>>> print(open('entry-v4.tsv').read())   # TSV, C-alpha atoms and all ligand atoms
chain	number	residue	atom	x	y	z
J	16	MET	CA	-19.34	14.46	-29.75
J	17	ILE	CA	-16.29	15.05	-27.54
J	18	VAL	CA	-16.41	16.81	-24.18
J	19	ALA	CA	-13.41	18.29	-22.38
J	20	ALA	CA	-13.28	17.20	-18.75
J	21	VAL	CA	-11.36	18.76	-15.88
J	22	ASP	CA	-11.13	17.36	-12.35
J	23	ILE	CA	-9.66	19.67	-9.74
J	24	GLY	CA	-8.38	18.29	-6.47
J	25	GLY	CA	-6.24	19.75	-3.71
J	26	THR	CA	-3.04	18.07	-4.93
J	27	LYS	CA	-3.63	17.30	-8.61
J	28	ILE	CA	-5.63	18.38	-11.62
J	29	SER	CA	-6.68	15.90	-14.32
J	30	ALA	CA	-7.81	16.99	-17.74
J	31	GLY	CA	-9.17	14.69	-20.43
J	32	LEU	CA	-11.24	14.31	-23.57
J	33	VAL	CA	-14.30	12.09	-23.25
J	34	THR	CA	-16.70	10.78	-25.89
J	35	GLN	CA	-20.47	10.94	-25.54
J	36	GLU	CA	-20.36	7.23	-24.73
J	37	GLY	CA	-18.02	7.75	-21.79
J	38	ARG	CA	-14.75	6.69	-23.37
J	39	LEU	CA	-11.69	8.58	-22.18
J	40	LEU	CA	-9.65	9.37	-25.31
J	41	ASP	CA	-6.71	11.00	-23.58
J	42	ARG	CA	-5.77	12.33	-20.18
J	43	ARG	CA	-3.16	14.61	-18.62
J	44	VAL	CA	-2.43	14.87	-14.91
J	45	MET	CA	-0.64	17.84	-13.37
J	46	PRO	CA	0.03	19.12	-9.85
J	47	THR	CA	-2.58	21.65	-8.68
J	48	GLN	CA	0.00	24.16	-7.40
J	49	ALA	CA	-2.86	26.25	-6.02
J	50	ASP	CA	-0.45	28.81	-4.57
J	51	GLN	CA	0.73	29.80	-8.07
J	52	GLY	CA	-2.71	31.29	-8.63
J	53	LEU	CA	-5.83	30.52	-10.57
J	54	ASP	CA	-4.75	32.18	-13.83
J	55	ARG	CA	-1.64	30.02	-14.07
J	56	ALA	CA	-3.71	26.87	-13.46
J	57	VAL	CA	-6.21	27.86	-16.17
J	58	GLU	CA	-3.29	28.38	-18.59
J	59	ARG	CA	-1.92	24.91	-17.84
J	60	ILE	CA	-5.35	23.26	-18.20
J	61	VAL	CA	-6.04	25.00	-21.53
J	62	GLN	CA	-2.59	24.01	-22.78
J	63	ALA	CA	-3.22	20.37	-21.85
J	64	LEU	CA	-6.62	20.40	-23.58
J	65	ASP	CA	-5.05	21.92	-26.71
J	66	GLN	CA	-2.35	19.25	-26.80
J	67	MET	CA	-4.91	16.48	-26.45
J	68	SER	CA	-7.10	17.99	-29.17
J	69	GLN	CA	-4.12	17.83	-31.49
J	70	THR	CA	-2.99	14.29	-30.60
J	71	THR	CA	-6.53	12.87	-30.83
J	72	GLU	CA	-7.52	15.10	-33.77
J	73	SER	CA	-10.76	15.97	-32.02
J	74	ARG	CA	-12.46	19.20	-31.08
J	75	PRO	CA	-14.42	19.33	-27.81
J	76	VAL	CA	-17.84	21.01	-27.77
J	77	GLY	CA	-17.84	22.09	-24.12
J	78	ILE	CA	-16.02	21.79	-20.80
J	79	GLY	CA	-17.24	19.99	-17.70
J	80	VAL	CA	-15.40	20.69	-14.45
J	81	SER	CA	-15.58	18.64	-11.27
J	82	CYS	CA	-14.02	20.22	-8.22
J	83	THR	CA	-13.41	19.38	-4.60
J	84	GLY	CA	-16.10	21.20	-2.60
J	85	PRO	CA	-17.63	23.47	-1.65
J	86	VAL	CA	-18.92	24.71	-5.00
J	87	ASP	CA	-22.13	26.29	-6.28
J	88	PRO	CA	-22.95	24.17	-9.34
J	89	GLU	CA	-25.84	26.35	-10.51
J	90	LYS	CA	-23.86	29.60	-10.49
J	91	GLY	CA	-20.56	27.93	-11.48
J	92	VAL	CA	-18.76	29.47	-8.54
J	93	LEU	CA	-16.09	28.00	-6.25
J	94	GLY	CA	-16.65	28.46	-2.53
J	95	PRO	CA	-13.91	29.10	0.05
J	96	ASN	CA	-11.63	26.07	0.03
J	97	GLN	CA	-8.58	25.45	2.20
J	98	PHE	CA	-6.94	23.49	-0.65
J	99	LEU	CA	-7.54	26.24	-3.24
J	100	PRO	CA	-6.78	29.52	-1.47
J	101	GLY	CA	-7.61	32.55	-3.62
J	102	TRP	CA	-9.58	30.54	-6.19
J	103	GLU	CA	-12.95	31.45	-4.74
J	104	GLY	CA	-15.51	32.90	-7.16
J	105	PRO	CA	-16.43	32.51	-10.84
J	106	GLY	CA	-12.85	32.92	-12.18
J	107	LEU	CA	-12.16	29.26	-12.98
J	108	LEU	CA	-15.11	28.80	-15.33
J	109	ALA	CA	-14.78	32.29	-16.76
J	110	GLY	CA	-11.08	31.68	-17.45
J	111	LEU	CA	-11.65	28.33	-19.17
J	112	SER	CA	-14.54	29.70	-21.26
J	113	GLY	CA	-12.66	32.85	-22.16
J	114	ALA	CA	-9.56	30.99	-23.33
J	115	THR	CA	-11.38	28.33	-25.36
J	116	GLY	CA	-14.64	29.95	-26.47
J	117	LEU	CA	-16.49	26.90	-25.07
J	118	SER	CA	-19.27	26.77	-22.50
J	119	ALA	CA	-18.10	25.46	-19.11
J	120	VAL	CA	-20.14	23.93	-16.27
J	121	LEU	CA	-19.20	23.01	-12.70
J	122	GLU	CA	-20.12	20.21	-10.31
J	123	ASN	CA	-19.02	18.96	-6.91
J	124	ASP	CA	-16.58	16.10	-7.51
J	125	ALA	CA	-18.57	13.47	-5.57
J	126	SER	CA	-21.77	14.42	-7.39
J	127	ALA	CA	-19.91	14.28	-10.70
J	128	ALA	CA	-18.56	10.82	-9.83
J	129	ALA	CA	-22.10	9.65	-9.04
J	130	LEU	CA	-23.24	10.90	-12.46
J	131	ALA	CA	-20.44	9.01	-14.21
J	132	GLU	CA	-21.06	5.75	-12.34
J	133	GLY	CA	-24.82	6.13	-12.81
J	134	HIS	CA	-24.64	6.58	-16.58
J	135	TRP	CA	-21.52	4.70	-17.61
J	136	GLY	CA	-20.61	2.41	-14.71
J	137	SER	CA	-22.00	0.56	-11.70
J	138	GLY	CA	-25.33	2.43	-11.54
J	139	ARG	CA	-26.60	1.80	-15.04
J	140	GLY	CA	-30.28	0.86	-15.16
J	141	CYS	CA	-31.00	1.85	-11.55
J	142	HIS	CA	-34.08	3.80	-10.51
J	143	SER	CA	-32.42	4.86	-7.25
J	144	PHE	CA	-28.62	4.87	-7.08
J	145	LEU	CA	-26.16	5.97	-4.43
J	146	TYR	CA	-22.44	6.41	-4.97
J	147	VAL	CA	-20.25	6.46	-1.86
J	148	THR	CA	-16.53	7.20	-1.93
J	149	VAL	CA	-14.32	6.36	1.03
J	150	SER	CA	-10.73	7.62	1.11
J	151	THR	CA	-9.34	10.27	3.46
J	152	GLY	CA	-12.97	11.36	3.86
J	153	ILE	CA	-16.40	10.04	2.89
J	154	GLY	CA	-18.50	11.65	0.17
J	155	GLY	CA	-21.13	10.66	-2.30
J	156	GLY	CA	-23.96	11.50	-4.61
J	157	GLN	CA	-27.44	10.23	-5.29
J	158	LEU	CA	-29.26	9.75	-8.59
J	159	LEU	CA	-32.97	9.26	-9.16
J	160	ASP	CA	-33.76	7.96	-12.64
J	161	GLY	CA	-30.37	9.22	-13.77
J	162	ALA	CA	-30.77	12.76	-12.45
J	163	LEU	CA	-28.69	14.10	-9.62
J	164	TYR	CA	-30.51	14.74	-6.35
J	165	THR	CA	-29.67	18.20	-5.02
J	166	GLY	CA	-30.77	20.09	-1.96
J	167	ALA	CA	-31.89	23.66	-1.40
J	168	GLY	CA	-30.35	26.05	-3.93
J	169	GLY	CA	-28.59	23.10	-5.62
J	170	ALA	CA	-26.73	22.22	-2.41
J	171	HIS	CA	-24.67	19.03	-2.35
J	172	PRO	CA	-25.70	16.76	0.56
J	173	GLU	CA	-22.73	15.64	2.67
J	174	ILE	CA	-23.44	12.00	3.52
J	175	GLY	CA	-20.02	11.60	5.14
J	176	HIS	CA	-21.07	14.02	7.86
J	177	HIS	CA	-24.18	12.36	9.19
J	178	VAL	CA	-23.54	11.65	12.85
J	179	ILE	CA	-22.93	8.04	13.84
J	180	ASP	CA	-21.73	8.58	17.41
J	181	PRO	CA	-22.41	11.88	19.22
J	182	HIS	CA	-19.62	10.97	21.66
J	183	GLY	CA	-17.22	10.04	18.86
J	184	PRO	CA	-14.03	11.78	17.70
J	185	ILE	CA	-14.03	15.40	16.48
J	186	CYS	CA	-14.45	15.40	12.71
J	187	GLN	CA	-12.44	17.66	10.39
J	188	CYS	CA	-15.74	19.55	9.79
J	189	GLY	CA	-15.79	20.49	13.48
J	190	ALA	CA	-18.72	18.28	14.53
J	191	ARG	CA	-18.35	15.13	16.63
J	192	GLY	CA	-18.73	11.52	15.51
J	193	CYS	CA	-19.50	12.03	11.81
J	194	TRP	CA	-19.48	8.85	9.68
J	195	GLU	CA	-16.24	10.13	8.06
J	196	SER	CA	-14.54	10.50	11.44
J	197	LEU	CA	-15.17	6.80	12.20
J	198	ALA	CA	-15.07	4.97	8.86
J	199	ALA	CA	-12.63	6.77	6.52
J	200	GLY	CA	-8.94	5.91	6.08
J	201	PRO	CA	-7.48	8.18	8.80
J	202	ALA	CA	-9.95	6.74	11.34
J	203	LEU	CA	-8.55	3.25	10.78
J	204	ALA	CA	-4.96	4.37	11.32
J	205	ARG	CA	-5.95	6.35	14.43
J	206	ARG	CA	-7.86	3.42	15.94
J	207	TYR	CA	-4.97	1.04	15.32
J	208	LEU	CA	-2.59	3.39	17.16
J	209	GLU	CA	-5.08	3.69	20.05
J	210	LEU	CA	-5.26	-0.08	20.37
J	211	LEU	CA	-1.48	-0.59	20.44
J	212	PRO	CA	-0.19	-1.41	23.93
J	213	GLN	CA	1.26	1.67	25.63
J	214	GLY	CA	5.01	1.98	25.23
J	215	LYS	CA	4.96	0.08	21.91
J	216	PRO	CA	4.90	2.79	19.27
J	217	PRO	CA	5.00	1.61	15.62
J	218	LEU	CA	8.37	1.61	13.90
J	219	GLU	CA	7.06	3.41	10.82
J	220	PRO	CA	4.23	5.89	10.14
J	221	VAL	CA	0.89	4.10	9.95
J	222	ASP	CA	-1.85	4.75	7.39
J	223	ALA	CA	-4.97	2.80	6.42
J	224	ARG	CA	-3.09	0.78	3.83
J	225	THR	CA	-0.55	-0.36	6.46
J	226	VAL	CA	-3.31	-1.47	8.83
J	227	PHE	CA	-5.16	-3.44	6.13
J	228	HIS	CA	-1.87	-5.09	5.22
J	229	LEU	CA	-1.09	-5.96	8.85
J	230	ALA	CA	-4.60	-7.35	9.35
J	231	LYS	CA	-4.21	-9.56	6.30
J	232	SER	CA	-0.97	-10.97	7.67
J	233	GLY	CA	-2.71	-11.91	10.92
J	234	ASP	CA	-1.87	-8.99	13.25
J	235	GLU	CA	-4.59	-9.20	15.92
J	236	ILE	CA	-4.64	-5.48	16.76
J	237	ALA	CA	-4.91	-4.52	13.10
J	238	ARG	CA	-7.70	-7.07	12.65
J	239	GLN	CA	-9.55	-5.54	15.59
J	240	ALA	CA	-9.19	-2.02	14.11
J	241	VAL	CA	-10.40	-3.22	10.69
J	242	SER	CA	-13.35	-4.99	12.26
J	243	GLU	CA	-14.35	-1.83	14.18
J	244	MET	CA	-14.05	0.24	11.03
J	245	GLY	CA	-16.23	-2.29	9.17
J	246	PHE	CA	-18.81	-1.93	11.93
J	247	TYR	CA	-18.95	1.86	11.51
J	248	LEU	CA	-18.94	1.60	7.72
J	249	GLY	CA	-21.88	-0.80	8.08
J	250	LEU	CA	-23.76	1.57	10.41
J	251	GLY	CA	-23.54	4.41	7.89
J	252	LEU	CA	-24.60	2.17	5.02
J	253	ALA	CA	-27.46	0.82	7.13
J	254	ASN	CA	-28.63	4.40	7.77
J	255	LEU	CA	-28.51	5.17	4.03
J	256	ILE	CA	-30.47	2.00	3.26
J	257	SER	CA	-33.09	2.78	5.92
J	258	ILE	CA	-33.53	6.32	4.62
J	259	PHE	CA	-33.37	5.74	0.84
J	260	VAL	CA	-33.68	1.97	0.15
J	261	PRO	CA	-31.69	2.47	-3.08
J	262	ASP	CA	-31.57	-0.22	-5.76
J	263	ARG	CA	-27.81	-0.10	-5.59
J	264	ILE	CA	-24.99	1.45	-3.59
J	265	ALA	CA	-21.62	1.64	-5.36
J	266	LEU	CA	-18.53	1.95	-3.18
J	267	GLY	CA	-15.47	3.77	-4.55
J	268	GLY	CA	-12.37	5.49	-3.20
J	269	GLY	CA	-8.98	4.10	-2.19
J	270	VAL	CA	-10.17	2.51	1.07
J	271	MET	CA	-12.73	0.38	-0.75
J	272	ARG	CA	-9.94	-1.60	-2.40
J	273	ALA	CA	-9.99	-3.37	0.97
J	274	TRP	CA	-13.72	-4.12	0.75
J	275	PRO	CA	-13.15	-7.91	0.95
J	276	GLN	CA	-11.61	-7.34	4.40
J	277	LEU	CA	-14.49	-5.13	5.55
J	278	GLU	CA	-17.62	-6.73	4.20
J	279	THR	CA	-17.83	-9.54	6.75
J	280	ALA	CA	-18.23	-6.86	9.44
J	281	VAL	CA	-20.61	-4.76	7.32
J	282	TRP	CA	-23.35	-7.26	6.44
J	283	PRO	CA	-24.42	-8.21	10.00
J	284	VAL	CA	-24.77	-4.50	10.90
J	285	ILE	CA	-27.07	-3.90	7.95
J	286	GLN	CA	-29.12	-6.96	8.84
J	287	ALA	CA	-29.40	-5.93	12.47
J	288	ASN	CA	-30.35	-2.30	11.76
J	289	CYS	CA	-32.50	-2.24	8.62
J	290	ARG	CA	-35.59	-3.88	10.08
J	291	LEU	CA	-38.46	-2.03	8.45
J	292	VAL	CA	-37.19	-1.76	4.86
J	293	PRO	CA	-36.48	-4.46	2.27
J	294	ALA	CA	-32.70	-4.11	2.70
J	295	HIS	CA	-32.14	-7.30	0.68
J	296	ARG	CA	-33.26	-5.31	-2.37
J	297	THR	CA	-30.29	-2.95	-2.05
J	298	GLN	CA	-27.26	-4.30	-3.88
J	299	ILE	CA	-23.85	-3.18	-2.65
J	300	VAL	CA	-21.24	-3.24	-5.41
J	301	LEU	CA	-17.85	-1.72	-6.12
J	302	ALA	CA	-17.58	1.33	-8.39
J	303	GLN	CA	-16.40	0.51	-11.92
J	304	LEU	CA	-14.80	3.63	-13.38
J	305	GLU	CA	-11.87	4.26	-11.05
J	306	PRO	CA	-9.45	5.95	-11.13
J	307	ASP	CA	-11.16	8.27	-13.63
J	308	THR	CA	-14.59	8.49	-12.01
J	309	CYS	CA	-14.48	12.22	-11.29
J	310	LEU	CA	-12.98	13.09	-14.67
J	311	LEU	CA	-15.66	11.11	-16.51
J	312	GLY	CA	-18.18	12.71	-14.16
J	313	ALA	CA	-17.07	16.16	-15.27
J	314	ALA	CA	-17.88	15.20	-18.88
J	315	GLN	CA	-21.19	13.62	-17.86
J	316	THR	CA	-22.07	16.85	-16.01
J	317	TRP	CA	-21.69	18.84	-19.21
J	318	LEU	CA	-23.79	16.32	-21.18
J	319	GLN	CA	-26.53	16.41	-18.52
J	320	ARG	CA	-26.72	20.21	-18.44
J	321	GLN	CA	-26.94	20.29	-22.26
J	322	SER	CA	-29.79	17.78	-22.32
J	323	ILE	CA	-31.66	19.76	-19.64
J	324	GLN	CA	-31.21	22.97	-21.65
J	325	GLY	CA	-32.33	21.21	-24.81
J	326	GLU	CA	-35.60	19.94	-23.29
J	401	ZN	ZN	-17.98	15.89	9.85
>>> encode(input="entry-v4.tsv", output="structure tokens", more="lines below")
Ligand SMILES: [Zn+2]
Amino acid sequence: MIVAAVDIGGTKISAGLVTQEGRLLDRRVMPTQADQGLDRAVERIVQALDQMSQTTESRPVGIGVSCTGPVDPEKGVLGPNQFLPGWEGPGLLAGLSGATGLSAVLENDASAAALAEGHWGSGRGCHSFLYVTVSTGIGGGQLLDGALYTGAGGAHPEIGHHVIDPHGPICQCGARGCWESLAAGPALARRYLELLPQGKPPLEPVDARTVFHLAKSGDEIARQAVSEMGFYLGLGLANLISIFVPDRIALGGGVMRAWPQLETAVWPVIQANCRLVPAHRTQIVLAQLEPDTCLLGAAQTWLQRQSIQGE
């Protein structure tokens, strides 16, 4: 069985064909170009899926879509989204279904990624599994015995926005001191710039990658910023361990490529803060399916919804 998978982000859309075993047969990546309208995007996605069907000589049985939030997975409806202006509503799924004659289902991209890692990657065999992605923000998803945990009305919990420091920086969500505002990529760059001596601005624009690179080459200020970020990353992970005591936490996202530079700061925080739970039982590992985690998750979403319907 082959499932068509579509992952929609603010800057790019990926479309692929995925086997029931989680093998990606083919993939196309295109710019989102949200301003050209939803109908045009649906046309391009359907065209890409058609091309891949021909080159792989396979016929998908359904379409799974993962999308940057907010979305309503149960109703298959996109919420208001600054990256996808005018796309709000049921039009995306209706358009894909209408053009292909296939059933289409929708999931939040971080939840979809958790489903993919849980079934085909780093979370296989876990009773309780948490996937955490750290890039320009922090997101994640939680599985219990392979099924996605959802909140009221199917709501997607936002682990990146639990508050770490009520006096911390304003988060892009509008609250103060969220985990994301202290431990995601932009926080590292911001902290590095704060620590620079006054009157010594950097010669080039600074992002998280630059700071990790500087820290590796021995820059003391960059090392300090990385160490502080590791502390905050550790605090958030410690909170998740205290609340859920998962068997395994998988870390994904671009920032986690620098995990070897962060983990020495993370472990002592977990040890110091998780005093009443068996934190040693929680394994922390790196995600295995990148860079296609969300795309594979879209396919896994469709497979999950089918199996639920079939029960
Ligand atoms: Zn926030």
>>> residues_around(input="entry-v4.tsv", residues="Leu39 (chain J)", least_positions_apart="6", cutoff="9 Å", atoms="all atoms listed in the file", output="PyMOL selection string")
chain J and resi 31-33+307+310-311
>>> atom_distance(input="entry-v4.tsv", atom1="CA of Val281 (chain J)", atom2="CA of Ala128 (chain J)")
23.3 Å
>>> residues_around(input="entry-v4.tsv", residues="region 155-161 of chain J", least_positions_apart="3", cutoff="6 Å", atoms="only C-alpha atoms", output="PyMOL selection string")
chain J and resi 125-126+129+142-148+164
>>> write_last_selection(input="entry-v4.tsv", atoms="C-alpha atoms", output="PDB file, in the frame of the given file")
ATOM      1  CA  ALA J 125     -18.570  13.470  -5.570  1.00  0.00           C
ATOM      2  CA  SER J 126     -21.770  14.420  -7.390  1.00  0.00           C
ATOM      3  CA  ALA J 129     -22.100   9.650  -9.040  1.00  0.00           C
ATOM      4  CA  HIS J 142     -34.080   3.800 -10.510  1.00  0.00           C
ATOM      5  CA  SER J 143     -32.420   4.860  -7.250  1.00  0.00           C
ATOM      6  CA  PHE J 144     -28.620   4.870  -7.080  1.00  0.00           C
ATOM      7  CA  LEU J 145     -26.160   5.970  -4.430  1.00  0.00           C
ATOM      8  CA  TYR J 146     -22.440   6.410  -4.970  1.00  0.00           C
ATOM      9  CA  VAL J 147     -20.250   6.460  -1.860  1.00  0.00           C
ATOM     10  CA  THR J 148     -16.530   7.200  -1.930  1.00  0.00           C
ATOM     11  CA  TYR J 164     -30.510  14.740  -6.350  1.00  0.00           C
TER      12      TYR J 164
END
>>> atom_distance(input="entry-v4.tsv", atom1="CA of Val226 (chain J)", atom2="CA of Leu197 (chain J)")
14.8 Å
>>> residues_near_ligand(input="entry-v4.tsv", ligand="ligand ZN 401 (chain J)", cutoff="6 Å", atoms="only C-alpha atoms and all ligand atoms", output="PDB file with C-alpha atoms, in the coordinates of the input")
ATOM      1  CA  HIS J 176     -21.070  14.020   7.860  1.00  0.00           C
ATOM      2  CA  CYS J 186     -14.450  15.400  12.710  1.00  0.00           C
ATOM      3  CA  GLN J 187     -12.440  17.660  10.390  1.00  0.00           C
ATOM      4  CA  CYS J 188     -15.740  19.550   9.790  1.00  0.00           C
ATOM      5  CA  ALA J 190     -18.720  18.280  14.530  1.00  0.00           C
ATOM      6  CA  CYS J 193     -19.500  12.030  11.810  1.00  0.00           C
TER       7      CYS J 193
END
>>> closest_residue(input="entry-v4.tsv", among="J:Gly245, J:Pro261, J:Gly116, J:Gly37", to="Leu130 (chain J)", atoms="all atoms listed in the file")
J:Gly37
>>> atom_distance(input="entry-v4.tsv", atom1="CA of Pro85 (chain J)", atom2="CA of Ile174 (chain J)")
13.9 Å
>>> residues_around(input="entry-v4.tsv", residues="Met67 (chain J)", least_positions_apart="6", cutoff="9 Å", atoms="all atoms listed in the file", output="count of residues only")
7
>>> closest_residue(input="entry-v4.tsv", among="J:Val86, J:Ala131, J:Ile323, J:Leu117", to="Pro172 (chain J)", atoms="all atoms listed in the file")
J:Val86
>>> residues_around(input="entry-v4.tsv", residues="Val80 (chain J)", least_positions_apart="2", cutoff="6 Å", atoms="only C-alpha atoms", output="MDAnalysis selection string")
chainID J and resid 20:22 121 313
>>> residues_around(input="entry-v4.tsv", residues="Ile285 (chain J)", least_positions_apart="5", cutoff="8 Å", atoms="only C-alpha atoms", output="list in words")
Gly249, Leu250, Leu252, Ala253 and Ala294 of chain J
>>> residues_near_point(input="entry-v4.tsv", point="(-21.5, 29.7, -6.1)", cutoff="12 Å", atoms="all atoms listed in the file", output="PyMOL selection string")
chain J and resi 84-95+102-108+120-123+168-171
>>> closest_residue(input="entry-v4.tsv", among="J:Val76, J:Leu266, J:Leu229, J:Ile60", to="Ile153 (chain J)", atoms="all atoms listed in the file")
J:Leu266
>>> residues_near_point(input="entry-v4.tsv", point="(-9.6, 19.7, -7.0)", cutoff="10 Å", atoms="only C-alpha atoms", output="VMD selection string")
chain J and resid 21 to 29 47 49 80 to 84 96 98 to 99 123 to 124 309
>>> closest_residue(input="entry-v4.tsv", among="J:Gly200, J:Gly268, J:Gly101, J:Gly251", to="Thr308 (chain J)", atoms="only C-alpha atoms")
J:Gly268
